[in-house]
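work-v1.txt, holding compact mmCIF, C-alpha atoms:
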# COMPACT_ATOMS: atom_id res chain seq x y z
CA MET A 1 248.96 171.05 113.76
CA GLU A 2 245.57 171.57 115.25
CA PRO A 3 245.55 174.11 118.07
CA LYS A 4 245.69 172.66 121.57
CA MET A 5 242.71 172.85 123.86
CA LYS A 6 242.41 175.77 126.23
CA LYS A 7 241.78 175.27 129.91
CA CYS A 8 238.18 175.37 131.05
CA GLY A 9 237.19 178.62 132.61
CA ALA A 10 239.48 180.55 130.27
CA SER A 11 237.86 183.22 128.12
CA HIS A 12 236.88 182.13 124.61
CA ILE A 13 237.12 183.95 121.32
CA TYR A 14 235.06 183.20 118.21
CA LYS A 15 237.61 180.89 116.66
CA ASN A 16 238.17 178.88 119.83
CA ILE A 17 235.33 176.47 119.05
CA LEU A 18 236.84 173.41 120.69
CA LEU A 19 236.15 172.98 124.36
CA CYS A 20 237.85 171.11 127.12
CA CYS A 21 236.81 170.29 130.60
CA THR A 22 238.38 171.02 133.93
CA ALA A 23 239.86 168.61 136.38
CA LEU A 24 237.61 170.15 139.02
CA ALA A 25 234.53 168.91 137.19
CA LEU A 26 236.05 165.51 136.49
CA LEU A 27 236.81 164.97 140.14
CA SER A 28 233.52 166.40 141.39
CA GLY A 29 235.76 168.57 143.55
CA CYS A 30 239.43 167.61 143.69
CA ALA A 31 239.56 168.40 147.39
CA ASP A 32 236.98 165.68 147.95
CA GLN A 33 239.27 162.84 146.90
CA PRO A 34 240.63 160.45 149.57
CA SER A 35 243.78 161.81 151.17
CA GLU A 36 245.20 158.37 151.94
CA PRO A 37 246.87 156.69 150.20
CA THR A 38 248.28 159.09 147.63
CA GLU A 39 249.69 156.60 145.13
CA ILE A 40 246.58 156.59 142.93
CA GLY A 41 245.95 159.51 140.64
CA GLU A 42 243.26 159.93 138.01
CA VAL A 43 242.26 156.65 136.40
CA THR A 44 240.49 155.37 133.35
CA TYR A 45 237.01 153.95 133.79
CA LYS A 46 235.60 151.40 131.40
CA VAL A 47 231.92 151.15 132.07
CA ILE A 48 229.47 149.32 129.86
CA SER A 49 225.75 149.50 130.25
CA GLU A 50 222.88 147.54 128.80
CA GLY A 51 219.42 149.08 128.68
CA ASP A 52 216.04 148.46 127.18
CA SER A 53 215.11 149.32 123.62
CA GLY A 54 213.70 152.71 124.52
CA ALA A 55 210.94 152.19 121.99
CA ALA A 56 208.13 152.52 124.51
CA LEU A 57 207.96 154.23 127.88
CA ASP A 58 206.12 152.81 130.86
CA PRO A 59 203.38 155.29 131.82
CA ASP A 60 203.68 154.21 135.45
CA ARG A 61 207.46 154.52 135.47
CA TYR A 62 207.49 157.52 137.82
CA SER A 63 204.18 157.01 139.60
CA LYS A 64 205.83 155.73 142.76
CA PRO A 65 206.46 158.30 145.52
CA VAL A 66 209.92 159.79 145.92
CA GLU A 67 211.87 157.66 148.38
CA THR A 68 213.29 159.70 151.23
CA GLU A 69 215.42 157.16 153.09
CA PHE A 70 217.77 155.92 150.38
CA ILE A 71 218.94 156.87 146.89
CA ASP A 72 216.61 155.22 144.37
CA VAL A 73 218.83 154.94 141.29
CA PRO A 74 217.19 153.48 138.14
CA ASP A 75 218.80 150.36 136.73
CA GLU A 76 219.98 152.14 133.56
CA MET A 77 222.18 154.42 135.67
CA ILE A 78 224.01 151.51 137.31
CA LEU A 79 226.90 150.23 135.20
CA SER A 80 228.95 147.17 136.01
CA TYR A 81 231.83 146.56 133.62
CA GLY A 82 234.50 147.60 136.10
CA TYR A 83 232.72 145.79 138.92
CA GLU A 84 232.89 142.55 136.93
CA GLN A 85 236.68 142.93 136.67
CA LEU A 86 237.11 142.95 140.46
CA ASP A 87 237.93 139.79 142.37
CA LYS A 88 235.60 138.56 145.13
CA SER A 89 237.31 140.67 147.78
CA GLY A 90 237.02 143.77 145.62
CA ARG A 91 233.36 143.10 144.87
CA ASP A 92 232.59 142.63 148.55
CA ILE A 93 234.17 146.00 149.34
CA TYR A 94 232.42 147.60 146.36
CA ASN A 95 229.05 146.35 147.65
CA LEU A 96 229.71 147.57 151.19
CA ILE A 97 230.68 151.05 150.03
CA SER A 98 227.92 151.30 147.44
CA ASP A 99 225.26 150.28 149.97
CA ALA A 100 226.58 152.87 152.43
CA MET A 101 226.33 155.60 149.79
CA LYS A 102 222.88 154.41 148.75
CA ASN A 103 221.66 154.73 152.34
CA CYS A 104 223.53 158.02 152.94
CA GLN A 105 225.51 156.52 155.82
CA PRO A 106 228.17 158.82 157.26
CA THR A 107 230.64 155.95 157.61
CA VAL A 108 231.18 152.30 156.66
CA GLU A 109 233.52 149.71 158.15
CA ILE A 110 235.77 148.05 155.56
CA PRO A 111 237.97 144.94 155.98
CA ASN A 112 241.65 145.75 155.72
CA VAL A 113 242.66 143.40 152.89
CA ASP A 114 245.01 145.68 150.94
CA ARG A 115 248.01 147.24 152.64
CA THR A 116 248.73 149.61 149.76
CA GLY A 117 245.24 151.10 149.72
CA LYS A 118 245.10 150.92 145.93
CA LEU A 119 242.09 148.64 145.94
CA TYR A 120 240.02 151.04 148.03
CA ASN A 121 240.82 153.97 145.77
CA ARG A 122 240.01 151.86 142.73
CA VAL A 123 236.65 150.81 144.18
CA LEU A 124 235.75 154.36 145.19
CA GLU A 125 236.53 155.61 141.70
CA LEU A 126 234.63 152.76 140.05
CA ILE A 127 231.54 153.58 142.09
CA ARG A 128 231.84 157.27 141.25
CA CYS A 129 231.98 156.46 137.56
CA GLU A 130 229.79 153.39 137.28
CA ASN A 131 226.88 154.53 139.40
CA LEU A 132 225.78 157.54 137.39
CA GLY A 133 223.17 158.48 139.98
CA TYR A 134 225.48 158.83 142.99
CA PHE A 135 226.09 162.53 142.53
CA HIS A 136 224.87 163.19 146.08
CA VAL A 137 228.29 162.22 147.49
CA LYS A 138 230.38 165.28 148.35
CA SER A 139 233.53 163.68 149.76
CA ARG A 140 235.07 160.34 150.64
CA SER A 141 237.91 159.94 153.15
CA ILE A 142 239.77 156.80 154.16
CA GLY A 143 240.38 156.50 157.90
CA SER A 144 243.65 155.56 159.51
CA ARG A 145 244.70 151.92 159.56
CA THR A 146 247.68 149.77 160.53
CA ILE A 147 249.09 146.52 159.25
CA ALA A 148 247.66 144.75 162.29
CA SER A 149 244.18 146.24 162.02
CA LYS A 150 241.46 144.02 160.60
CA SER A 151 239.18 146.85 159.51
CA PHE A 152 238.94 150.62 159.17
CA ASN A 153 236.34 153.22 158.28
CA ILE A 154 235.57 155.18 155.13
CA ASP A 155 233.69 158.39 155.91
CA PHE A 156 231.31 160.29 153.63
CA GLU A 157 229.82 163.75 153.34
CA TYR A 158 226.79 164.37 151.15
CA ARG A 159 225.76 167.30 149.01
CA TYR A 160 222.07 166.45 149.01
CA THR A 161 219.62 164.55 151.15
CA ALA A 162 218.11 161.34 149.78
CA GLU A 163 214.87 163.16 149.09
CA GLU A 164 216.64 165.92 147.17
CA ALA A 165 218.76 163.46 145.18
CA ASN A 166 215.75 161.30 144.29
CA THR A 167 213.81 164.31 143.08
CA MET A 168 216.77 165.26 140.86
CA LEU A 169 217.01 161.71 139.53
CA ARG A 170 213.32 161.65 138.58
CA LYS A 171 213.71 164.97 136.75
CA ALA A 172 216.76 163.64 134.89
CA GLU A 173 214.77 160.54 133.87
CA THR A 174 211.94 162.71 132.60
CA ALA A 175 214.37 164.85 130.59
CA ALA A 176 215.87 161.69 129.11
CA ASP A 177 212.35 160.51 128.21
CA ASP A 178 211.81 163.71 126.24
CA ILE A 179 214.88 162.92 124.13
CA ILE A 180 214.14 159.21 123.73
CA MET A 181 210.60 159.97 122.57
CA LYS A 182 212.14 161.65 119.52
CA ILE A 183 213.39 158.28 118.30
CA THR A 184 211.42 157.08 115.29
CA PRO A 185 210.97 153.43 114.22
CA ASP A 186 213.24 153.86 111.20
CA MET A 187 216.20 155.15 113.21
CA THR A 188 219.38 153.08 113.26
CA GLU A 189 221.73 152.93 116.24
CA TYR A 190 223.88 155.52 114.46
CA ASP A 191 220.85 157.83 114.20
CA LYS A 192 220.09 157.38 117.90
CA LEU A 193 223.66 158.21 118.88
CA LYS A 194 223.60 161.31 116.70
CA LEU A 195 220.28 162.34 118.25
CA PHE A 196 221.68 161.99 121.78
CA HIS A 197 224.88 163.80 120.79
CA ASP A 198 223.01 166.73 119.23
CA GLU A 199 220.29 167.02 121.87
CA ILE A 200 222.73 167.18 124.77
CA ILE A 201 225.00 169.68 123.02
CA THR A 202 222.23 172.05 121.90
CA GLY A 203 220.38 171.75 125.20
CA CYS A 204 223.35 172.30 127.46
CA LYS A 205 226.07 174.92 127.74
CA SER A 206 229.56 174.38 129.01
CA SER A 207 229.93 176.04 132.38
CA THR A 208 232.37 176.06 135.26
CA ASP A 209 229.77 177.70 137.49
CA GLY A 210 226.92 175.20 137.32
CA GLU A 211 226.23 173.57 140.68
CA TYR A 212 225.43 170.28 138.94
CA ALA A 213 228.00 170.49 136.14
CA ASP A 214 229.60 167.16 137.05
CA ASN A 215 226.50 165.01 136.76
CA ILE A 216 223.49 163.89 134.71
CA TYR A 217 221.14 166.41 136.29
CA GLY A 218 223.39 169.27 135.16
CA ALA A 219 223.51 168.08 131.55
CA LEU A 220 219.88 167.02 131.15
CA VAL A 221 217.94 169.34 133.47
CA ASP A 222 219.97 172.35 134.57
CA GLY A 223 221.49 172.82 131.11
CA GLN A 224 225.01 173.46 132.40
CA ALA A 225 227.73 170.83 132.43
CA LEU A 226 231.36 169.99 131.89
CA CYS A 227 232.95 166.82 130.59
CA GLU A 228 231.77 164.52 133.39
CA GLY A 229 228.17 165.69 133.07
CA TYR A 230 228.22 165.38 129.28
CA ALA A 231 229.79 161.91 129.35
CA LYS A 232 227.47 160.50 132.01
CA ALA A 233 224.32 161.89 130.37
CA PHE A 234 225.34 160.40 127.02
CA SER A 235 226.18 157.08 128.67
CA TYR A 236 222.78 157.00 130.40
CA LEU A 237 220.91 157.63 127.14
CA CYS A 238 222.93 154.91 125.40
CA GLY A 239 222.05 152.52 128.20
CA ARG A 240 218.37 153.36 127.90
CA VAL A 241 218.33 152.10 124.29
CA GLY A 242 220.71 149.18 124.77
CA ILE A 243 223.81 150.59 123.05
CA GLU A 244 226.99 149.20 124.59
CA ASN A 245 229.12 152.08 125.82
CA THR A 246 232.13 152.99 127.90
CA ILE A 247 233.22 156.06 129.82
CA VAL A 248 236.90 156.88 129.35
CA THR A 249 239.16 159.25 131.23
CA GLY A 250 242.49 160.66 130.23
CA TYR A 251 244.50 163.84 129.84
CA ALA A 252 244.46 166.67 127.33
CA ASP A 253 246.71 169.08 129.23
CA GLU A 254 244.36 168.35 132.14
CA ALA A 255 241.98 165.61 133.27
CA HIS A 256 239.19 164.85 130.82
CA MET A 257 236.28 162.41 130.40
CA TRP A 258 234.51 161.21 127.26
CA ASN A 259 232.67 158.19 125.84
CA MET A 260 233.23 155.13 123.72
CA VAL A 261 230.41 153.23 121.99
CA LYS A 262 230.17 149.92 120.18
CA LEU A 263 228.49 150.21 116.79
CA ASP A 264 228.21 147.42 114.21
CA GLY A 265 230.82 145.42 116.08
CA ASN A 266 233.42 148.20 116.26
CA TRP A 267 234.27 150.65 119.03
CA TYR A 268 234.40 154.42 118.47
CA HIS A 269 235.17 157.46 120.61
CA VAL A 270 232.58 160.20 121.13
CA ASP A 271 233.50 163.46 122.85
CA LEU A 272 230.54 165.78 123.36
CA THR A 273 232.58 168.33 125.28
CA TRP A 274 234.92 168.94 122.38
CA ASP A 275 232.04 168.89 119.88
CA HIS A 276 230.31 171.75 121.68
CA PRO A 277 230.86 175.10 119.91
CA ASP A 278 232.20 177.97 121.96
CA ALA A 279 229.88 180.50 123.59
CA ALA A 280 230.10 183.05 120.75
CA LEU A 281 229.25 180.54 118.03
CA SER A 282 226.47 178.97 120.11
CA ALA A 283 224.94 182.39 120.71
CA ALA A 284 224.99 183.26 117.00
CA TYR A 285 223.95 179.76 115.85
CA PRO A 286 222.07 177.98 118.70
CA ASP A 287 221.61 174.84 116.61
CA ALA A 288 225.30 174.54 115.67
CA VAL A 289 226.88 171.19 116.49
CA LEU A 290 230.37 169.99 115.62
CA TYR A 291 231.21 166.41 114.65
CA ASN A 292 235.00 166.44 114.92
CA TYR A 293 234.86 163.80 117.66
CA PHE A 294 231.70 161.88 116.79
CA LEU A 295 232.53 158.21 116.24
CA VAL A 296 236.27 158.56 115.74
CA SER A 297 239.13 156.08 116.07
CA ASP A 298 242.01 155.79 118.51
CA ALA A 299 244.23 157.54 115.98
CA ASP A 300 241.94 160.57 116.01
CA ILE A 301 242.05 160.72 119.79
CA THR A 302 245.53 159.75 120.89
CA ASP A 303 247.33 162.35 118.79
CA GLU A 304 246.06 165.04 121.16
CA ARG A 305 245.33 163.30 124.44
CA THR A 306 246.50 160.41 126.59
CA ILE A 307 244.05 157.70 127.58
CA ASP A 308 244.51 156.66 131.21
CA ASP A 309 244.29 152.88 131.45
CA SER A 310 245.33 152.46 135.09
CA LEU A 311 242.01 150.80 135.99
CA PHE A 312 241.71 148.63 132.90
CA THR A 313 242.43 148.95 129.22
CA PRO A 314 239.65 150.46 127.11
CA PRO A 315 238.62 148.63 123.92
CA ARG A 316 240.53 149.34 120.73
CA ALA A 317 238.79 151.76 118.39
CA THR A 318 240.04 151.07 114.89
CA GLY A 319 236.86 151.39 112.82
CA SER A 320 236.10 154.27 110.46
CA VAL A 321 232.98 153.21 108.52
CA MET A 322 230.56 154.76 111.01
CA ASN A 323 232.56 157.97 111.47
CA TYR A 324 230.31 161.00 110.91
CA PHE A 325 232.09 162.28 107.80
CA TYR A 326 232.20 158.88 106.09
CA HIS A 327 228.69 157.89 107.05
CA GLU A 328 227.12 161.22 106.06
CA GLY A 329 229.00 161.51 102.74
CA MET A 330 230.88 164.57 103.96
CA TYR A 331 234.34 163.08 103.43
CA ALA A 332 235.93 164.08 100.13
CA ASP A 333 238.93 162.45 98.45
CA SER A 334 238.75 164.58 95.28
CA TYR A 335 237.88 168.14 94.32
CA GLU A 336 234.67 166.99 92.64
CA ALA A 337 233.69 165.07 95.77
CA ALA A 338 234.33 168.19 97.85
CA LEU A 339 232.00 170.24 95.62
CA ASN A 340 229.33 167.55 95.94
CA ALA A 341 229.74 167.47 99.72
CA ILE A 342 229.42 171.26 99.96
CA GLU A 343 226.34 171.25 97.74
CA SER A 344 224.80 168.42 99.75
CA GLY A 345 225.65 170.11 103.04
CA CYS A 346 224.06 173.38 101.93
CA ARG A 347 220.93 171.66 100.68
CA ASN A 348 220.44 169.52 103.77
CA ALA A 349 221.06 172.43 106.13
CA ALA A 350 218.62 174.67 104.27
CA GLU A 351 215.94 171.99 104.05
CA ASN A 352 216.20 171.16 107.74
CA GLY A 353 216.45 174.74 108.97
CA ARG A 354 220.00 174.30 110.25
CA HIS A 355 222.75 176.86 110.00
CA SER A 356 225.96 174.86 109.85
CA PHE A 357 227.60 171.82 108.29
CA GLN A 358 231.10 170.37 108.07
CA ILE A 359 233.18 168.55 105.48
CA LYS A 360 236.48 166.71 105.82
CA LEU A 361 239.15 166.51 103.10
CA ALA A 362 241.32 163.44 102.48
CA SER A 363 244.68 165.21 102.03
CA ASP A 364 246.48 168.41 102.86
CA GLU A 365 246.76 169.19 99.15
CA LEU A 366 243.02 168.85 98.59
CA TYR A 367 242.32 170.86 101.72
CA ALA A 368 244.55 173.67 100.43
CA GLN A 369 242.88 173.57 97.00
CA VAL A 370 239.36 173.82 98.43
CA LEU A 371 240.39 176.49 100.92
CA SER A 372 242.00 178.50 98.13
CA ASP A 373 238.85 178.35 95.99
CA ILE A 374 236.70 179.47 98.90
CA SER A 375 239.03 182.36 99.58
CA VAL A 376 239.22 183.63 95.98
CA LYS A 377 236.55 186.20 95.25
CA SER A 378 234.66 185.85 92.01
CA SER A 379 235.97 188.04 89.21
CA ASN A 380 234.48 189.24 85.92
CA GLY A 381 231.06 188.28 87.23
CA ARG A 382 231.89 184.59 87.27
CA ASP A 383 231.37 182.38 90.29
CA THR A 384 234.00 180.11 91.73
CA ASP A 385 233.24 176.40 91.69
CA ILE A 386 232.38 176.53 95.38
CA THR A 387 229.95 179.43 94.91
CA ALA A 388 228.32 177.58 92.02
CA ALA A 389 227.91 174.49 94.19
CA MET A 390 226.22 176.57 96.86
CA LYS A 391 223.83 178.10 94.34
CA ALA A 392 223.09 174.64 92.97
CA ALA A 393 221.92 173.70 96.44
CA GLY A 394 219.35 176.47 96.21
CA PHE A 395 220.86 178.57 98.97
CA SER A 396 220.96 182.28 98.28
CA GLY A 397 222.06 183.56 101.68
CA ARG A 398 225.51 184.43 102.96
CA ILE A 399 227.88 181.57 103.78
CA SER A 400 231.00 181.87 105.87
CA TYR A 401 233.45 179.24 107.06
CA THR A 402 236.16 178.58 109.61
CA ASP A 403 239.39 176.68 108.99
CA LEU A 404 240.20 176.32 112.69
CA TYR A 405 240.48 172.56 112.30
CA SER A 406 243.12 172.56 109.60
CA GLY A 407 245.01 169.84 111.48
CA ARG A 408 242.03 167.58 110.91
CA ARG A 409 241.37 168.95 107.40
CA ILE A 410 237.85 169.93 108.48
CA LEU A 411 235.98 172.97 107.21
CA THR A 412 232.95 174.29 109.09
CA PHE A 413 230.40 176.26 107.03
CA LEU A 414 227.94 178.71 108.59
CA LEU A 415 224.76 179.69 106.75
CA ASN A 416 222.93 182.98 107.21

Target format C-alpha cells, applied to this file:
Amino acid sequence: MEPKMKKCGASHIYKNILLCCTALALLSGCADQPSEPTEIGEVTYKVISEGDSGAALDPDRYSKPVETEFIDVPDEMILSYGYEQLDKSGRDIYNLISDAMKNCQPTVEIPNVDRTGKLYNRVLELIRCENLGYFHVKSRSIGSRTIASKSFNIDFEYRYTAEEANTMLRKAETAADDIIMKITPDMTEYDKLKLFHDEIITGCKSSTDGEYADNIYGALVDGQALCEGYAKAFSYLCGRVGIENTIVTGYADEAHMWNMVKLDGNWYHVDLTWDHPDAALSAAYPDAVLYNYFLVSDADITDERTIDDSLFTPPRATGSVMNYFYHEGMYADSYEAALNAIESGCRNAAENGRHSFQIKLASDELYAQVLSDISVKSSNGRDTDITAAMKAAGFSGRISYTDLYSGRRILTFLLN
C-alpha cells in the first residue's frame, strides 16, 4: 500500500514527497474555535463559486483607494453554495455575523433560535470557508445563553485592521492577475486548472511557520501556505475564470482541506497540498510538480482519507476522462504504451525546460515489469528498452526515478 501521510511540521526526507497539512492551519488556530457548544467538530464545506471569464482585466480594477472602515472583499472571493442550503433563519444569522465581521465589530447580537447551538457553529464555519477574504478574524466565541433568552452575543477578535486586511486583499488580487494573464485564448478549462495548480505549487512552499499560511495572501503573495491557503487560493482562481468548484474538508490522520472542480459535466478532486513535492525535491528541482491528486475520483481519495460531510454532502466524483494521466497520455495499459509514455514524457520535459514527469501503469504486473526494466543495468553494451526510449526522445542527460507511489502504480522521473 502507499505510505501514509506524515504529520505537518515533521521533518522530511527525500522520498517523503507527499505532503499533508496540519489541523492548526485548517482551523486558523484551533484555540480560536467557539468553546460553546462542543458538539460540532470539523465539518465539510461545499462551496461553489462563479466568476468572470478572466480573459481581460479591468485596468481600473484597483484604482479605488483602500477602504479603512470595513473589509472590501471582491465578489470572486465570496462563495455561496453553503449559504444557499440554509433556511431563512440560518441565512438571517449568517448575514448578521458576516456583516459584523465585514465591519470589524467586536460583538454582534444573535437571536436565540437553536437550543443546541449547532446552527451557530455551522454558520460560523460556513463564513470562514465561503468568504475567502475574511482571514482578518482571529477568534470567534459564543456568549452564554439560556433557554429563556431571546438573544445572545458572539464576540470577535481580529488579527488585522480593516486597512491592513484590505491592503493584503489587493495584493492577493494582483498576484492572481499575474497568473490569470498567463491564460492564452487556446487554453481549455483543463489547461487553466493545470496552470493554477502548477503556479501555486511552484510559487509557494509548504510551511508551518508562515503567518498567513491559512489564507489566500499566504499562498499567492507570501509564498508560504498549508492546505487551507492552497485550497482557498485555488478556489479563488477557479472563481475568477468561472470554473465551478468546491472546497472539501476531511481527515487523513488529521484535519485536511482540498478542492473539487466540475469539468465537462463531471466532478473531480484536486489536492495541491499533496501534489507539492517535499522540500528536498523542490530545492533540487524548483519546477517539479506532482499530479497524483490532480483531477482524481472519489475512489482515488477515499482509500486514504475520510471526507467529512457533516455540513452537506459533496458531489460524487466518478469521472476519469480528465484525470491528468489519461488526459496527458501518461497512462499505460501495456509495456509498449509505457515505453511511448516515457519517451513522450522525456521529449516534452526537455522541450519545455522541465525536469520531471510522471507515468501511471494500469496493473501491478505491468508496474513490476517496467520497474524491473528500469532497474536492470545495460549489459554487453546494449540498452534496455527504457534507455532506448529515453534516447529516442533526444535526451542525453542522466535520468533517475522514484517508486514512492507504488500503491498508485505511479513512477516519477527526474531529468538532469

Correct to one decimal, the distance atom CA of His327 of chain A-atom CA of Ala225 of chain A is 28.5 Å

As a check of understanding: the span from atom CA of Val270 of chain A to atom CA of Trp258 of chain A is 6.5 Å

Among A:Glu211, A:Asp87, A:Glu130, A:Glu164, Ile71 of chain A is approached most closely, using all atoms listed in the file, by A:Glu164

**Prompt:** What lies within 12 Å of Ala392 of chain A using only C-alpha atoms, ignoring chain neighbours under 3 positions off, as a ChimeraX atom specification?
**Reply:** /A:339-347,383,385-389,395-396

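Using all atoms listed in the file, the shortest contact distance between Asp178 of chain A and any of A:Tyr83, A:Tyr367, A:Phe196, A:Tyr134 is found at A:Phe196.
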
Assuming 5 Å of padding per side, give the centre and edge lengths of the axis-aligned box around every listed atom of segment 209-216 of chain A, in Å to one decimal and as AutoDock Vina command-line options.
--center_x 226.6 --center_y 170.8 --center_z 137.7 --size_x 16.3 --size_y 23.8 --size_z 16.0

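Among the candidate residues A:Phe152, A:Tyr217, A:Tyr236, A:Tyr293, the one lying nearest to Pro74 of chain A is A:Tyr236, with distances computed using all atoms listed in the file.
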
- Task: Give me the residues within 12 Å of Ala100 of chain A as a PyMOL selection string, counting all atoms listed in the file and dropping any in the same chain fewer than 2 places off.
- Result: chain A and resi 69-71+93-98+102-110+124+127+134+137+140+153-158

If you take all atoms listed in the file and a cut-off of 9 Å, which residues of segment 236-325 of chain A touch segment 352-365 of chain A, and what are their nearest atom pairs and distances in Å to one decimal, in chain and number order, as a tab-separated table?
residue	atom	partner	partner_atom	distance
A:Tyr285	CA	A:His355	CA	6.6
A:Pro286	CA	A:His355	CA	8.8
A:Asp287	CA	A:Arg354	CA	6.6
A:Ala288	CA	A:Ser356	CA	5.9
A:Val289	CA	A:Ser356	CA	7.6
A:Leu290	CA	A:Gln358	CA	7.6
A:Tyr291	CA	A:Gln358	CA	7.7
A:Asn292	CA	A:Gln358	CA	8.8
A:Phe325	CA	A:Lys360	CA	6.5

| atom CA of Asp308 of chain A to atom CA of Glu254 of chain A: how many Å, to one decimal? |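 Between atom CA of Asp308 of chain A and atom CA of Glu254 of chain A the gap works out to 11.7 Å.
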
Given all atoms listed in the file as the counted atoms, nearest of A:Ser141, A:Leu281, A:Arg305, A:Gly242 to Leu414 of chain A:
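Among the listed residues, the smallest separation from Leu414 of chain A belongs to A:Leu281.
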
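When only C-alpha atoms are used to measure the gap to Thr306 of chain A, the shortest distance among A:Asp264, A:Glu328, A:Asp253, A:Glu351 belongs to A:Asp253.
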
**Asked** Between A:Ala338, A:Ala172, A:Cys204, A:Met77, which is the closest to Ser282 of chain A once you count only C-alpha atoms?
**Response**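 Smallest separation from Ser282 of chain A among the options: A:Cys204.
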
request  = List the residues sitting within 9 Å of (231.7, 155.2, 137.1) in the file's frame, using all atoms listed in the file, as a ChimeraX atom specification.
outcome  = /A:45-47,78-80,82,125-132,232,247

Restrict the output to segment 312-327 of chain A and N, CA, C and O atoms, then write it as an mmCIF file, in the first residue's frame.
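And here's result12.cif as it stands now:
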data_model
loop_
_atom_site.group_PDB
_atom_site.id
_atom_site.type_symbol
_atom_site.label_atom_id
_atom_site.label_comp_id
_atom_site.auth_asym_id
_atom_site.auth_seq_id
_atom_site.Cartn_x
_atom_site.Cartn_y
_atom_site.Cartn_z
ATOM 1 N N PHE A 312 -22.797 19.269 4.538
ATOM 2 C CA PHE A 312 -23.608 18.779 3.430
ATOM 3 C C PHE A 312 -22.741 17.856 2.604
ATOM 4 O O PHE A 312 -21.523 17.864 2.702
ATOM 5 N N THR A 313 -23.365 17.034 1.803
ATOM 6 C CA THR A 313 -22.642 16.005 1.076
ATOM 7 C C THR A 313 -21.997 16.581 -0.185
ATOM 8 O O THR A 313 -22.669 17.193 -1.001
ATOM 9 N N PRO A 314 -20.696 16.396 -0.336
ATOM 10 C CA PRO A 314 -20.032 16.880 -1.552
ATOM 11 C C PRO A 314 -20.537 16.117 -2.774
ATOM 12 O O PRO A 314 -21.112 15.036 -2.662
ATOM 13 N N PRO A 315 -20.340 16.650 -3.962
ATOM 14 C CA PRO A 315 -20.761 15.959 -5.179
ATOM 15 C C PRO A 315 -19.964 14.663 -5.367
ATOM 16 O O PRO A 315 -18.830 14.539 -4.884
ATOM 17 N N ARG A 316 -20.540 13.730 -6.070
ATOM 18 C CA ARG A 316 -19.848 12.490 -6.391
ATOM 19 C C ARG A 316 -18.819 12.751 -7.494
ATOM 20 O O ARG A 316 -19.113 13.428 -8.479
ATOM 21 N N ALA A 317 -17.654 12.201 -7.315
ATOM 22 C CA ALA A 317 -16.601 12.334 -8.327
ATOM 23 C C ALA A 317 -16.308 10.949 -8.885
ATOM 24 O O ALA A 317 -15.542 10.178 -8.302
ATOM 25 N N THR A 318 -16.908 10.634 -10.013
ATOM 26 C CA THR A 318 -16.767 9.304 -10.597
ATOM 27 C C THR A 318 -16.079 9.329 -11.954
ATOM 28 O O THR A 318 -15.817 8.282 -12.537
ATOM 29 N N GLY A 319 -15.794 10.518 -12.481
ATOM 30 C CA GLY A 319 -15.179 10.615 -13.796
ATOM 31 C C GLY A 319 -13.701 10.274 -13.787
ATOM 32 O O GLY A 319 -13.036 10.328 -12.745
ATOM 33 N N SER A 320 -13.170 9.917 -14.941
ATOM 34 C CA SER A 320 -11.740 9.621 -15.078
ATOM 35 C C SER A 320 -11.146 10.208 -16.357
ATOM 36 O O SER A 320 -9.926 10.315 -16.471
ATOM 37 N N VAL A 321 -11.987 10.621 -17.296
ATOM 38 C CA VAL A 321 -11.506 11.064 -18.611
ATOM 39 C C VAL A 321 -10.538 12.231 -18.499
ATOM 40 O O VAL A 321 -9.537 12.299 -19.217
ATOM 41 N N MET A 322 -10.819 13.171 -17.582
ATOM 42 C CA MET A 322 -9.996 14.363 -17.466
ATOM 43 C C MET A 322 -8.866 14.211 -16.448
ATOM 44 O O MET A 322 -8.121 15.161 -16.210
ATOM 45 N N ASN A 323 -8.726 13.041 -15.857
ATOM 46 C CA ASN A 323 -7.598 12.794 -14.962
ATOM 47 C C ASN A 323 -6.284 13.067 -15.680
ATOM 48 O O ASN A 323 -6.141 12.776 -16.872
ATOM 49 N N TYR A 324 -5.318 13.623 -14.973
ATOM 50 C CA TYR A 324 -4.053 14.044 -15.593
ATOM 51 C C TYR A 324 -3.431 12.948 -16.446
ATOM 52 O O TYR A 324 -3.047 13.173 -17.601
ATOM 53 N N PHE A 325 -3.317 11.749 -15.907
ATOM 54 C CA PHE A 325 -2.584 10.688 -16.613
ATOM 55 C C PHE A 325 -3.322 10.237 -17.881
ATOM 56 O O PHE A 325 -2.688 9.948 -18.900
ATOM 57 N N TYR A 326 -4.651 10.187 -17.823
ATOM 58 C CA TYR A 326 -5.415 9.834 -19.016
ATOM 59 C C TYR A 326 -5.348 10.959 -20.045
ATOM 60 O O TYR A 326 -5.090 10.727 -21.239
ATOM 61 N N HIS A 327 -5.581 12.167 -19.588
ATOM 62 C CA HIS A 327 -5.675 13.297 -20.495
ATOM 63 C C HIS A 327 -4.348 13.606 -21.174
ATOM 64 O O HIS A 327 -4.309 14.012 -22.340
#
